[in-house]
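*Asks:* My structure is stored as my_file-v4.tsv, with TSV, C-alpha atoms and all ligand atoms.
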```
chain	number	residue	atom	x	y	z
A	142	MET	CA	0.00	0.00	0.00
A	143	MET	CA	1.34	3.41	-0.92
A	144	ASN	CA	2.02	5.71	1.99
A	145	SER	CA	1.31	8.80	-0.05
A	146	MET	CA	-2.29	7.72	-0.49
A	147	ASN	CA	-4.45	8.59	2.46
A	148	ASP	CA	-7.98	7.33	2.89
A	149	ALA	CA	-9.53	10.62	1.81
A	150	SER	CA	-7.80	10.73	-1.53
A	151	VAL	CA	-8.54	7.05	-2.12
A	152	SER	CA	-12.22	7.54	-1.44
A	153	GLN	CA	-12.22	10.51	-3.82
A	154	GLU	CA	-10.69	8.35	-6.48
A	155	LEU	CA	-13.19	5.59	-5.83
A	156	GLN	CA	-16.09	8.03	-6.12
A	157	LYS	CA	-14.84	8.90	-9.58
A	158	VAL	CA	-14.65	5.23	-10.49
A	159	PHE	CA	-18.23	4.70	-9.29
A	160	GLU	CA	-19.49	7.56	-11.44
A	161	GLU	CA	-17.67	6.16	-14.45
A	162	LEU	CA	-19.10	2.73	-13.82
A	163	LYS	CA	-22.58	4.15	-13.48
A	164	SER	CA	-22.39	5.94	-16.79
A	165	MET	CA	-20.95	2.89	-18.56
A	166	PHE	CA	-22.90	0.02	-17.06
A	167	GLY	CA	-26.05	1.65	-15.73
A	168	SER	CA	-27.00	0.83	-12.20
A	169	CYS	CA	-24.66	-1.39	-10.29
A	170	GLU	CA	-24.94	-2.05	-6.61
A	171	ALA	CA	-21.87	-1.10	-4.57
A	172	VAL	CA	-21.56	-2.43	-1.04
A	173	HIS	CA	-19.21	-0.58	1.25
A	174	ILE	CA	-16.90	-2.98	3.15
A	175	ASP	CA	-14.30	-0.53	4.39
A	176	ALA	CA	-12.42	2.57	3.21
A	177	ARG	CA	-10.50	0.65	0.59
A	178	GLN	CA	-12.82	-2.25	-0.17
A	179	TYR	CA	-16.05	-2.29	-2.12
A	180	LYS	CA	-18.18	-5.05	-3.47
A	181	LEU	CA	-19.82	-4.49	-6.84
A	182	ILE	CA	-22.79	-6.67	-7.72
A	183	VAL	CA	-23.35	-6.77	-11.46
A	184	PRO	CA	-25.61	-8.70	-13.83
A	185	SER	CA	-23.77	-11.57	-15.46
A	186	ASP	CA	-23.91	-10.13	-18.99
A	187	LYS	CA	-22.03	-7.01	-17.86
A	188	THR	CA	-19.40	-8.72	-15.73
A	189	LEU	CA	-16.76	-9.24	-18.40
A	190	GLY	CA	-17.09	-5.62	-19.55
A	191	MET	CA	-16.69	-4.35	-16.04
A	192	LEU	CA	-13.67	-6.57	-15.35
A	193	THR	CA	-12.04	-5.33	-18.55
A	194	TYR	CA	-12.66	-1.73	-17.61
A	195	LEU	CA	-11.41	-2.14	-14.05
A	196	LYS	CA	-8.29	-3.87	-15.31
A	197	SER	CA	-7.60	-1.00	-17.69
A	198	ILE	CA	-7.75	1.65	-14.94
A	199	GLY	CA	-5.30	-0.08	-12.60
A	200	TYR	CA	-7.31	-2.79	-10.82
A	201	SER	CA	-5.17	-5.30	-12.59
A	202	HIS	CA	-4.22	-7.80	-9.92
A	203	LEU	CA	-6.65	-10.71	-9.89
A	204	SER	CA	-6.30	-12.02	-6.34
A	205	ILE	CA	-8.72	-14.91	-6.70
A	206	ILE	CA	-11.87	-16.16	-8.34
A	207	THR	CA	-14.17	-17.88	-5.94
A	208	CYS	CA	-17.72	-19.09	-5.70
A	209	VAL	CA	-20.55	-19.20	-3.17
A	210	ASP	CA	-23.40	-21.69	-3.29
A	211	TRP	CA	-26.72	-19.99	-2.47
A	212	ILE	CA	-28.72	-23.16	-2.55
A	213	ASP	CA	-32.06	-21.68	-1.42
A	214	GLU	CA	-31.95	-18.96	-4.07
A	215	LYS	CA	-30.77	-21.56	-6.61
A	216	LYS	CA	-27.81	-19.35	-7.53
A	217	PHE	CA	-24.05	-19.56	-7.65
A	218	GLU	CA	-22.29	-16.31	-6.86
A	219	LEU	CA	-18.98	-15.86	-8.66
A	220	VAL	CA	-16.62	-13.38	-7.03
A	221	TYR	CA	-13.62	-11.82	-8.75
A	222	ILE	CA	-11.32	-9.95	-6.41
A	223	LEU	CA	-9.31	-7.17	-8.05
A	224	PHE	CA	-6.58	-5.22	-6.35
A	225	ASN	CA	-4.94	-1.95	-7.31
A	226	TRP	CA	-1.26	-1.71	-6.45
A	227	SER	CA	-1.08	2.07	-6.73
A	228	ASN	CA	-3.76	2.98	-4.18
A	229	GLY	CA	-4.27	-0.25	-2.27
A	230	ALA	CA	-7.96	-0.47	-3.05
A	231	THR	CA	-9.85	-3.68	-3.68
A	232	PHE	CA	-12.99	-4.39	-5.68
A	233	LEU	CA	-14.96	-7.56	-5.27
A	234	VAL	CA	-16.89	-7.98	-8.49
A	235	SER	CA	-19.69	-10.41	-7.88
A	236	THR	CA	-22.27	-11.88	-10.18
A	237	PHE	CA	-25.02	-14.46	-9.83
A	238	ILE	CA	-25.53	-17.33	-12.25
A	239	ASP	CA	-28.16	-20.01	-12.47
A	240	ARG	CA	-27.40	-22.96	-10.18
A	241	ASP	CA	-29.09	-25.50	-12.42
A	242	ARG	CA	-27.18	-24.39	-15.49
A	243	PRO	CA	-23.86	-23.12	-14.13
A	244	VAL	CA	-22.05	-21.81	-17.19
A	245	PHE	CA	-19.93	-18.69	-17.41
A	246	TYR	CA	-17.10	-17.33	-19.54
A	247	THR	CA	-13.43	-17.69	-18.94
A	248	VAL	CA	-11.23	-14.69	-18.18
A	249	LYS	CA	-7.99	-16.59	-18.72
A	250	ASP	CA	-7.14	-14.43	-21.74
A	251	MET	CA	-7.14	-11.38	-19.50
A	252	TRP	CA	-5.34	-13.05	-16.58
A	253	PRO	CA	-3.43	-16.27	-17.31
A	254	THR	CA	-3.61	-17.20	-13.62
A	255	ALA	CA	-7.38	-17.34	-13.90
A	256	GLU	CA	-7.03	-20.71	-15.56
A	257	TYR	CA	-6.27	-22.35	-12.22
A	258	TYR	CA	-8.88	-20.44	-10.23
A	259	GLU	CA	-11.47	-21.48	-12.79
A	260	ARG	CA	-10.38	-25.10	-12.68
A	261	ASP	CA	-10.63	-24.91	-8.92
A	262	VAL	CA	-14.17	-23.47	-9.02
A	263	HIS	CA	-15.12	-26.02	-11.65
A	264	GLU	CA	-13.90	-28.90	-9.57
A	265	PHE	CA	-15.45	-27.84	-6.29
A	266	PHE	CA	-18.72	-26.30	-7.52
A	267	GLY	CA	-19.22	-27.70	-11.00
A	268	VAL	CA	-19.30	-24.32	-12.74
A	269	GLU	CA	-18.26	-24.54	-16.39
A	270	PHE	CA	-16.12	-21.80	-17.86
A	271	GLU	CA	-16.58	-21.59	-21.60
A	272	GLY	CA	-13.24	-21.21	-23.32
A	273	ASN	CA	-11.22	-22.94	-20.61
A	274	GLU	CA	-10.86	-26.48	-21.95
A	275	ASN	CA	-8.54	-27.52	-19.16
A	276	CYS	CA	-11.49	-27.36	-16.77
A	277	LYS	CA	-12.10	-31.00	-17.54
A	278	LYS	CA	-8.70	-32.05	-16.21
A	279	PRO	CA	-8.54	-32.93	-12.53
A	280	LEU	CA	-6.60	-30.43	-10.47
A	281	MET	CA	-6.84	-31.45	-6.83
A	282	LEU	CA	-9.48	-34.16	-6.75
A	283	GLU	CA	-8.26	-36.99	-8.90
A	284	LEU	CA	-10.80	-39.58	-10.02
A	285	TRP	CA	-13.68	-37.77	-8.37
A	286	ASP	CA	-16.98	-39.53	-8.97
A	287	ASP	CA	-19.55	-37.65	-6.90
A	288	LEU	CA	-21.23	-34.24	-6.63
A	289	PRO	CA	-18.73	-31.36	-6.56
A	290	PRO	CA	-17.80	-31.40	-2.89
A	291	LEU	CA	-18.29	-27.76	-1.91
A	292	ARG	CA	-21.90	-27.72	-3.03
A	293	LYS	CA	-24.22	-27.38	-0.08
A	294	ASP	CA	-26.17	-30.52	-0.97
A	295	PHE	CA	-23.06	-32.70	-0.78
A	296	ASP	CA	-22.61	-34.62	2.48
A	297	PRO	CA	-18.89	-34.94	3.28
A	298	LEU	CA	-19.39	-37.14	6.36
A	299	GLN	CA	-21.41	-39.65	4.37
A	300	TYR	CA	-18.76	-39.71	1.64
A	301	SER	CA	-16.00	-40.16	4.19
A	302	LYS	CA	-17.86	-43.08	5.78
A	303	GLU	CA	-18.37	-44.80	2.44
A	304	HIS	CA	-14.82	-44.43	1.21
A	305	PHE	CA	-12.48	-44.30	4.17
A	306	PRO	CA	-12.72	-47.01	6.83
A	307	ASP	CA	-12.74	-45.62	10.33
A	308	ARG	CA	-11.20	-46.82	13.53
A	309	THR	CA	-13.53	-48.30	16.09
A	310	TYR	CA	-12.91	-47.97	19.77
A	311	GLU	CA	-14.12	-50.06	22.63
A	312	LYS	CA	-15.29	-47.84	25.42
A	313	ASP	CA	-14.02	-48.77	28.84
A	314	PRO	CA	-15.77	-46.45	31.33
A	315	ILE	CA	-14.09	-47.96	34.39
A	316	HIS	CA	-10.63	-47.40	32.95
A	317	GLU	CA	-11.55	-43.85	31.99
A	318	ALA	CA	-12.96	-43.14	35.43
A	319	ARG	CA	-9.75	-44.35	37.03
A	320	ILE	CA	-7.72	-42.02	34.82
A	321	ILE	CA	-9.98	-39.11	35.71
A	322	ARG	CA	-9.70	-39.90	39.41
A	323	GLY	CA	-5.95	-40.04	39.06
A	324	ASP	CA	-5.60	-43.69	40.19
A	325	ILE	CA	-3.56	-44.51	37.11
A	326	GLU	CA	-1.46	-42.30	34.95
A	327	GLY	CA	-1.46	-42.17	31.20
A	328	ASP	CA	0.78	-44.96	29.94
A	329	ILE	CA	3.67	-43.72	27.82
A	330	GLU	CA	3.89	-47.02	25.96
A	331	GLY	CA	0.27	-46.58	24.95
A	332	GLY	CA	-2.41	-49.22	24.72
A	333	GLU	CA	-3.05	-51.36	21.70
A	334	ILE	CA	-4.81	-49.32	19.06
A	335	ASP	CA	-5.65	-52.05	16.65
A	336	GLY	CA	-9.27	-51.63	15.63
B	298	MET	CA	-6.23	-58.24	12.06
B	299	ASP	CA	-6.02	-60.68	14.94
B	300	LYS	CA	-3.28	-60.30	17.43
B	301	ILE	CA	-0.80	-63.11	17.22
B	302	GLU	CA	1.84	-64.08	19.71
B	303	LYS	CA	5.02	-62.53	18.40
B	304	ILE	CA	7.77	-65.05	17.79
B	305	ASP	CA	11.24	-63.85	17.02
B	306	GLU	CA	12.08	-65.58	13.75
B	307	ARG	CA	15.23	-63.68	13.04
B	308	GLY	CA	18.49	-65.47	12.42
B	309	VAL	CA	21.69	-64.48	14.14
B	310	TRP	CA	22.86	-62.33	11.29
B	311	GLU	CA	19.59	-60.48	11.10
B	312	LYS	CA	19.70	-59.82	14.82
B	313	ILE	CA	23.14	-58.33	14.43
B	314	ALA	CA	21.99	-56.37	11.41
B	315	ASP	CA	19.02	-54.99	13.34
B	316	GLN	CA	21.34	-53.81	16.11
B	317	LEU	CA	23.32	-51.88	13.54
B	318	ARG	CA	20.28	-50.64	11.63
B	319	SER	CA	18.77	-49.10	14.71
B	320	ARG	CA	21.89	-47.03	15.24
B	321	SER	CA	21.97	-45.39	11.87
B	322	MET	CA	18.60	-44.27	10.62
B	323	TRP	CA	17.84	-41.99	7.75
B	324	MET	CA	14.45	-40.39	7.92
B	325	LEU	CA	12.30	-39.42	4.99
B	326	HIS	CA	9.77	-36.90	6.25
B	327	TYR	CA	6.77	-36.61	4.00
B	328	CYS	CA	5.34	-33.34	5.19
B	329	THR	CA	1.71	-33.84	4.29
B	330	GLY	CA	0.09	-31.93	7.12
B	331	CYS	CA	0.49	-29.09	9.55
B	332	GLY	CA	2.43	-31.21	12.07
B	333	ALA	CA	5.49	-30.90	9.88
B	334	VAL	CA	6.41	-27.63	11.59
B	335	GLU	CA	7.54	-29.63	14.62
B	336	LEU	CA	10.25	-31.29	12.58
B	337	PRO	CA	12.70	-28.39	12.14
B	338	PRO	CA	13.14	-28.03	15.93
B	339	SER	CA	13.47	-31.82	16.26
B	340	MET	CA	16.21	-31.91	13.67
B	341	THR	CA	18.14	-28.81	14.61
B	342	SER	CA	20.11	-27.70	17.62
B	343	ARG	CA	17.31	-27.37	20.18
B	344	PHE	CA	16.29	-31.04	20.26
B	345	ASP	CA	18.89	-32.37	17.86
B	346	MET	CA	17.85	-35.77	16.59
B	347	GLU	CA	21.35	-36.35	15.25
B	348	ARG	CA	22.47	-37.26	18.74
B	349	LEU	CA	20.32	-40.38	18.34
B	350	GLY	CA	22.22	-41.28	15.19
B	351	MET	CA	19.49	-40.16	12.86
B	352	GLY	CA	19.56	-37.85	9.91
B	353	PRO	CA	17.09	-36.44	7.42
B	354	MET	CA	17.13	-37.92	3.92
B	355	ALA	CA	15.74	-36.31	0.83
B	356	THR	CA	14.98	-39.34	-1.31
B	357	PRO	CA	12.99	-42.51	-0.60
B	358	ARG	CA	15.58	-44.87	-2.05
B	359	GLN	CA	18.15	-44.06	0.59
B	360	ALA	CA	15.80	-43.74	3.54
B	361	ASP	CA	15.00	-46.27	6.26
B	362	LEU	CA	12.27	-44.49	8.12
B	363	PHE	CA	9.18	-42.95	6.59
B	364	LEU	CA	7.59	-40.27	8.73
B	365	VAL	CA	4.09	-39.35	7.57
B	366	THR	CA	3.32	-36.08	9.25
B	367	GLY	CA	-0.38	-35.54	9.34
B	368	TYR	CA	-3.52	-35.69	7.28
B	369	LEU	CA	-3.45	-37.44	3.94
B	370	SER	CA	-5.70	-36.44	1.11
B	371	THR	CA	-6.40	-39.11	-1.45
B	372	LYS	CA	-4.12	-37.29	-3.85
B	373	THR	CA	-1.28	-37.30	-1.33
B	374	LEU	CA	-1.89	-40.89	-0.31
B	375	ARG	CA	-1.25	-42.06	-3.87
B	376	ARG	CA	2.13	-40.34	-3.75
B	377	VAL	CA	2.82	-41.68	-0.28
B	378	ILE	CA	2.18	-45.26	-1.42
B	379	TYR	CA	4.46	-44.71	-4.39
B	380	THR	CA	7.13	-43.35	-2.11
B	381	TYR	CA	6.81	-46.23	0.34
B	382	GLU	CA	7.10	-48.82	-2.38
B	383	LYS	CA	10.23	-47.14	-3.68
B	384	MET	CA	12.01	-47.49	-0.36
B	385	ALA	CA	14.33	-50.44	0.06
B	386	ASP	CA	13.70	-53.10	2.73
B	387	PRO	CA	13.92	-52.91	5.67
B	388	LYS	CA	11.74	-49.85	6.04
B	389	TYR	CA	9.78	-48.44	8.94
B	390	VAL	CA	6.75	-46.17	9.04
B	391	ILE	CA	5.79	-43.75	11.77
B	392	GLY	CA	2.33	-42.21	11.66
B	393	PHE	CA	2.53	-38.77	13.15
B	394	GLY	CA	-0.42	-36.93	14.70
B	395	SER	CA	-4.02	-37.87	15.27
B	396	CYS	CA	-4.88	-37.35	11.62
B	397	THR	CA	-3.02	-40.53	10.69
B	398	ILE	CA	-4.60	-42.43	13.59
B	399	ASN	CA	-8.30	-41.70	13.14
B	400	GLY	CA	-8.66	-38.74	10.81
B	401	GLY	CA	-8.28	-36.17	13.58
B	402	ILE	CA	-10.23	-32.99	13.01
B	403	TYR	CA	-10.67	-34.05	9.40
B	404	TYR	CA	-12.60	-37.22	10.24
B	405	ASP	CA	-15.57	-36.00	8.16
B	406	SER	CA	-13.63	-34.68	5.21
B	407	TYR	CA	-14.44	-35.89	1.72
B	408	SER	CA	-10.82	-36.02	0.69
B	409	THR	CA	-8.75	-37.15	3.64
B	410	ILE	CA	-8.41	-40.75	4.76
B	411	ASN	CA	-9.15	-41.80	8.31
B	412	ARG	CA	-6.54	-44.38	9.23
B	413	LEU	CA	-3.16	-44.83	7.68
B	414	ASP	CA	-2.68	-48.43	8.79
B	415	GLN	CA	-5.32	-49.55	6.34
B	416	TYR	CA	-3.03	-48.63	3.47
B	417	LEU	CA	0.50	-48.92	4.79
B	418	PRO	CA	1.92	-50.95	7.69
B	419	VAL	CA	2.51	-48.46	10.48
B	420	ASP	CA	5.09	-49.52	13.04
B	421	LEU	CA	4.41	-46.76	15.51
B	422	TYR	CA	1.97	-43.93	15.98
B	423	ILE	CA	2.60	-40.65	17.74
B	424	ALA	CA	-0.63	-39.28	19.16
B	425	GLY	CA	-1.29	-35.60	19.49
B	426	CYS	CA	-2.37	-32.71	17.40
B	427	MET	CA	0.39	-31.87	16.87
B	428	PRO	CA	2.96	-33.90	18.83
B	429	ARG	CA	5.77	-31.91	20.38
B	430	PRO	CA	9.42	-32.61	19.55
B	431	GLU	CA	9.79	-34.41	22.91
B	432	ALA	CA	7.16	-36.89	21.75
B	433	ILE	CA	8.87	-37.28	18.40
B	434	LEU	CA	12.21	-38.08	20.00
B	435	ASN	CA	10.47	-40.44	22.38
B	436	ALA	CA	8.99	-42.22	19.41
B	437	PHE	CA	12.36	-42.47	17.70
B	438	THR	CA	14.00	-44.10	20.70
B	439	LYS	CA	11.03	-46.42	21.05
B	440	LEU	CA	11.27	-47.36	17.38
B	441	MET	CA	14.98	-48.10	17.72
B	442	ASP	CA	14.16	-50.33	20.63
B	443	MET	CA	11.52	-52.09	18.57
B	444	ILE	CA	13.96	-52.62	15.73
B	445	ARG	CA	16.48	-54.20	18.09
B	446	LYS	CA	13.81	-56.53	19.46
B	447	GLY	CA	12.59	-57.35	15.98
B	448	GLU	CA	9.14	-55.88	16.62
B	449	ALA	CA	9.26	-53.27	13.87
B	450	ASP	CA	8.30	-55.71	11.17
B	451	GLY	CA	5.86	-53.60	9.18
B	452	TRP	CA	7.73	-54.15	5.93
B	453	LYS	CA	7.42	-57.91	6.36
B	454	ARG	CA	3.72	-57.58	7.06
B	455	TYR	CA	3.34	-55.46	3.94
B	456	ASN	CA	4.92	-58.15	1.80
B	457	GLU	CA	2.93	-60.96	3.43
B	458	ASN	CA	-0.43	-59.15	3.32
B	459	TYR	CA	0.16	-57.29	0.10
B	460	GLU	CA	-3.23	-58.31	-1.28
B	461	TRP	CA	-5.05	-56.96	1.75
B	462	TYR	CA	-3.25	-53.63	1.59
B	463	LYS	CA	-3.79	-53.34	-2.16
B	464	GLN	CA	-7.49	-54.04	-1.74
B	465	ASN	CA	-7.86	-51.27	0.82
B	466	GLN	CA	-5.87	-48.89	-1.32
B	467	LEU	CA	-8.03	-49.58	-4.34
B	468	ARG	CA	-11.21	-49.37	-2.32
B	469	SER	CA	-10.48	-45.84	-1.11
B	470	LEU	CA	-8.47	-44.49	-4.01
B	471	GLY	CA	-9.94	-46.22	-7.03
B	472	GLU	CA	-6.51	-46.33	-8.63
B	473	VAL	CA	-3.04	-45.90	-7.25
B	474	VAL	CA	-1.66	-44.36	-10.42
B	475	VAL	CA	-0.05	-40.97	-10.19
B	476	TYR	CA	-0.97	-38.51	-12.92
B	477	ASP	CA	1.03	-35.36	-13.02
B	478	GLU	CA	0.20	-32.87	-15.74
B	479	PHE	CA	3.10	-30.62	-14.81
B	480	HIS	CA	5.75	-33.22	-15.55
B	481	GLU	CA	4.24	-34.87	-18.57
A	501	LIG	S1	-2.95	-34.19	13.69
A	501	LIG	FE1	-3.33	-32.01	13.97
A	501	LIG	S2	-1.36	-31.03	13.55
A	501	LIG	FE2	-1.30	-33.08	12.67
A	501	LIG	S3	-1.95	-32.86	10.56
A	501	LIG	FE3	-3.75	-33.39	11.76
A	501	LIG	S4	-4.67	-31.42	12.27
A	501	LIG	FE4	-2.57	-31.00	11.63
```
What is this file in structure tokens?
*Replies:*
Amino acid sequence: MMNSMNDASVSQELQKVFEELKSMFGSCEAVHIDARQYKLIVPSDKTLGMLTYLKSIGYSHLSIITCVDWIDEKKFELVYILFNWSNGATFLVSTFIDRDRPVFYTVKDMWPTAEYYERDVHEFFGVEFEGNENCKKPLMLELWDDLPPLRKDFDPLQYSKEHFPDRTYEKDPIHEARIIRGDIEGDIEGGEIDG
Amino acid sequence: MDKIEKIDERGVWEKIADQLRSRSMWMLHYCTGCGAVELPPSMTSRFDMERLGMGPMATPRQADLFLVTGYLSTKTLRRVIYTYEKMADPKYVIGFGSCTINGGIYYDSYSTINRLDQYLPVDLYIAGCMPRPEAILNAFTKLMDMIRKGEADGWKRYNENYEWYKQNQLRSLGEVVVYDEFHE
């Protein structure tokens, strides 16, 4: 963050950006997070235009692309976080897409790093990014065969039980009570832990 | 598996070899989880595992001891199995932290396994989340003792029950093949 930029001059600059955005994209909702952070909620057909514009005026560092599953509203929210190195301000550009038909466009031609964020969102939420063919390749989950795991209707405990055998313990209340009472001390050699 | 009465089947030469093995151990630390941060103090001057005759080793082919430090995602477990199978006999495995024992705080995770001994023969577990260097050094001396007594026979069990281990590996992982798009 630049020392020469104080909050007042940043907020002046941001006001200018908001006016520009309003004249270019019509109404867009801006949520104040703090002096240097704003969230912009835009319709999905205007998102790419807005990202291009913000990149051209200095908000050129794409920190991350992430996704939120709003299962009751039947929407996925895609969030692009853009950072400006000259005034330290951040914009969170957010857009909502249909949960039942989660398709959006890639931004990997604007930011090469986006390729991996998009593959990540694809793998964990099932959002398709048109133009990013590598989305089909596994990134972190190899050989995944279930719902994308960060969707709210996926049950991780159930999946864990089905795939990964667990250890079973025999409960010995008398032994435990004696430890709690201090009759016996914890045994450094440890008991048998074969399930 | 049922507990069987342990009989020492080692010949004289193997007993002598085990004495010597236990005094010169090279450790491969596969830092899968957060517990790995306890290793630098164990290796360096504060706790100094070299005084036990142990040293860190960077490659599996020259290592005797395989330290799995923490949770294992399915992706990591494939690499861990590869690494284990690359090590030369005799080889020993220590499961480090509660994540290797029963899944720890990740017991309900969709991508981390719950018990390491289903997939690899673990000679010794260190409980704790995460275990302190004192516990690690305790485990090392205990393992050396076990090697001298011939109790650290995980590598023999792995060869004898290979089918059982393979079945478990396939059941949880589907395939134990490592794909790596960055080194293709
Ligand atoms: S046992 Fe604790 S410290 Fe170790 S990997 Fe698991 S969560 Fe991390």
*Asks:* With all atoms listed in the file counted, collect every polymer residue having an atom within 10 Å of ligand LIG 501 (chain A); state the result as a PyMOL selection string.
*Replies:* chain B and resi 328-335+365-369+392-404+423-429
*Asks:* Hey, which of B:Asp477, B:Tyr407, B:Met443, B:Tyr416 ends up closest to Tyr462 of chain B? Count all atoms listed in the file.
*Replies:*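 For Tyr462 of chain B, the nearest of the given residues is B:Tyr416.
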*Asks:* Which residues are near segment 435-441 of chain B? Cut-off 9 Å, all atoms listed in the file, ignore same chain within fewer than 2 positions. Put them as a ChimeraX atom specification.
*Replies:* /A:330 /B:316,318-320,322,346,349,351,389,391,420-423,430-433,443-446,448-449
*Asks:* For atom CA of Arg358 of chain B and atom CA of Ile410 of chain B, quote the distance in Å rounded to one decimal.
*Replies:*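 Between these atoms lies a distance of 25.3 Å.
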*Asks:* Just how far from atom CA of Met251 of chain A is atom CA of Ser152 of chain A, in Å to one decimal?
*Replies:* 26.6 Å
*Asks:* For chain A, list the residues within 6 Å of chain B, counting only C-alpha atoms, and write the list as a tab-separated table (two decimals) with C-alpha atoms, in the frame of the given file.
*Replies:*
```tsv
chain	number	residue	atom	x	y	z
A	297	PRO	CA	-18.89	-34.94	3.28
A	298	LEU	CA	-19.39	-37.14	6.36
A	300	TYR	CA	-18.76	-39.71	1.64
A	301	SER	CA	-16.00	-40.16	4.19
A	304	HIS	CA	-14.82	-44.43	1.21
A	305	PHE	CA	-12.48	-44.30	4.17
A	307	ASP	CA	-12.74	-45.62	10.33
A	308	ARG	CA	-11.20	-46.82	13.53
```
*Asks:* Distance atom CA of Leu162 of chain A-atom CA of Leu223 of chain A, one decimal place?
*Replies:*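 Atom-to-atom, atom CA of Leu162 of chain A and atom CA of Leu223 of chain A are spaced 15.1 Å apart.
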*Asks:* Might you pull out every residue within 10 Å of Ser185 of chain A, with all atoms listed in the file counted and same-chain residues fewer than 4 positions away left off, and present them as a PyMOL selection string?
*Replies:* chain A and resi 189-190+218-219+235-239+245-246
*Asks:* Could you take the residues named above and write them with C-alpha atoms, as a PDB file, keeping the file's coordinate frame?
*Replies:*
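And here's selection_36.pdb as it stands now:
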```
ATOM      1  CA  LEU A 189     -16.760  -9.240 -18.400  1.00  0.00           C
ATOM      2  CA  GLY A 190     -17.090  -5.620 -19.550  1.00  0.00           C
ATOM      3  CA  GLU A 218     -22.290 -16.310  -6.860  1.00  0.00           C
ATOM      4  CA  LEU A 219     -18.980 -15.860  -8.660  1.00  0.00           C
ATOM      5  CA  SER A 235     -19.690 -10.410  -7.880  1.00  0.00           C
ATOM      6  CA  THR A 236     -22.270 -11.880 -10.180  1.00  0.00           C
ATOM      7  CA  PHE A 237     -25.020 -14.460  -9.830  1.00  0.00           C
ATOM      8  CA  ILE A 238     -25.530 -17.330 -12.250  1.00  0.00           C
ATOM      9  CA  ASP A 239     -28.160 -20.010 -12.470  1.00  0.00           C
ATOM     10  CA  PHE A 245     -19.930 -18.690 -17.410  1.00  0.00           C
ATOM     11  CA  TYR A 246     -17.100 -17.330 -19.540  1.00  0.00           C
TER      12      TYR A 246
END
```
*Asks:* Would you pick out the contacts of Ile198 of chain A at 10 Å or less, using only C-alpha atoms, so that residues sharing its chain but fewer than 4 positions from it are not included, and give the list as a PyMOL selection string?
*Replies:* chain A and resi 158+193-194+225
*Asks:* Let me make sure I understand: among A:Leu282, A:Ala318, A:Ile205, A:Ile325, which one has the smallest atom-to-atom distance to Arg375 of chain B if we use only C-alpha atoms?
*Replies:* A:Leu282
*Asks:* Please provide as a count of residues only all residues within 12 Å of Arg242 of chain A, with the sequence filter that same-chain residues fewer than 6 positions apart are discarded (counting only C-alpha atoms).
*Replies:* 8
*Asks:* Can you work out which one of A:Leu233, A:Ala176, A:Leu181, A:Ile315 has the shortest atom-to-atom distance to Ser204 of chain A, counting only C-alpha atoms?
*Replies:*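 Checking each of A:Leu233, A:Ala176, A:Leu181, A:Ile315 against Ser204 of chain A, counting only C-alpha atoms, the winner is A:Leu233.
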*Asks:* So which residues touch Phe166 of chain A within 9 Å, counting only C-alpha atoms, skipping near sequence neighbours fewer than 5 positions away, as a count of residues only?
*Replies:* 5
*Asks:* Given only C-alpha atoms as the basis, pick out the residue of A:Glu170, A:Asp210, A:Asp324, A:Glu283 nearest to Leu374 of chain B.
*Replies:*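 The shortest atom-to-atom distance to Leu374 of chain B comes from A:Glu283.
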*Asks:* So which residues are close to (16.0, -42.7, 0.1), meaning at most 8 Å away in the file's coordinates with only C-alpha atoms counted, and can you show them as an mmCIF file with C-alpha atoms, in the coordinates of the input?
*Replies:*
```cif
data_model
loop_
_atom_site.group_PDB
_atom_site.id
_atom_site.type_symbol
_atom_site.label_atom_id
_atom_site.label_comp_id
_atom_site.auth_asym_id
_atom_site.auth_seq_id
_atom_site.Cartn_x
_atom_site.Cartn_y
_atom_site.Cartn_z
ATOM 1 C CA TRP B 323 17.840 -41.990 7.750
ATOM 2 C CA LEU B 325 12.300 -39.420 4.990
ATOM 3 C CA MET B 354 17.130 -37.920 3.920
ATOM 4 C CA ALA B 355 15.740 -36.310 0.830
ATOM 5 C CA THR B 356 14.980 -39.340 -1.310
ATOM 6 C CA PRO B 357 12.990 -42.510 -0.600
ATOM 7 C CA ARG B 358 15.580 -44.870 -2.050
ATOM 8 C CA GLN B 359 18.150 -44.060 0.590
ATOM 9 C CA ALA B 360 15.800 -43.740 3.540
ATOM 10 C CA ASP B 361 15.000 -46.270 6.260
ATOM 11 C CA MET B 384 12.010 -47.490 -0.360
ATOM 12 C CA ALA B 385 14.330 -50.440 0.060
#
```
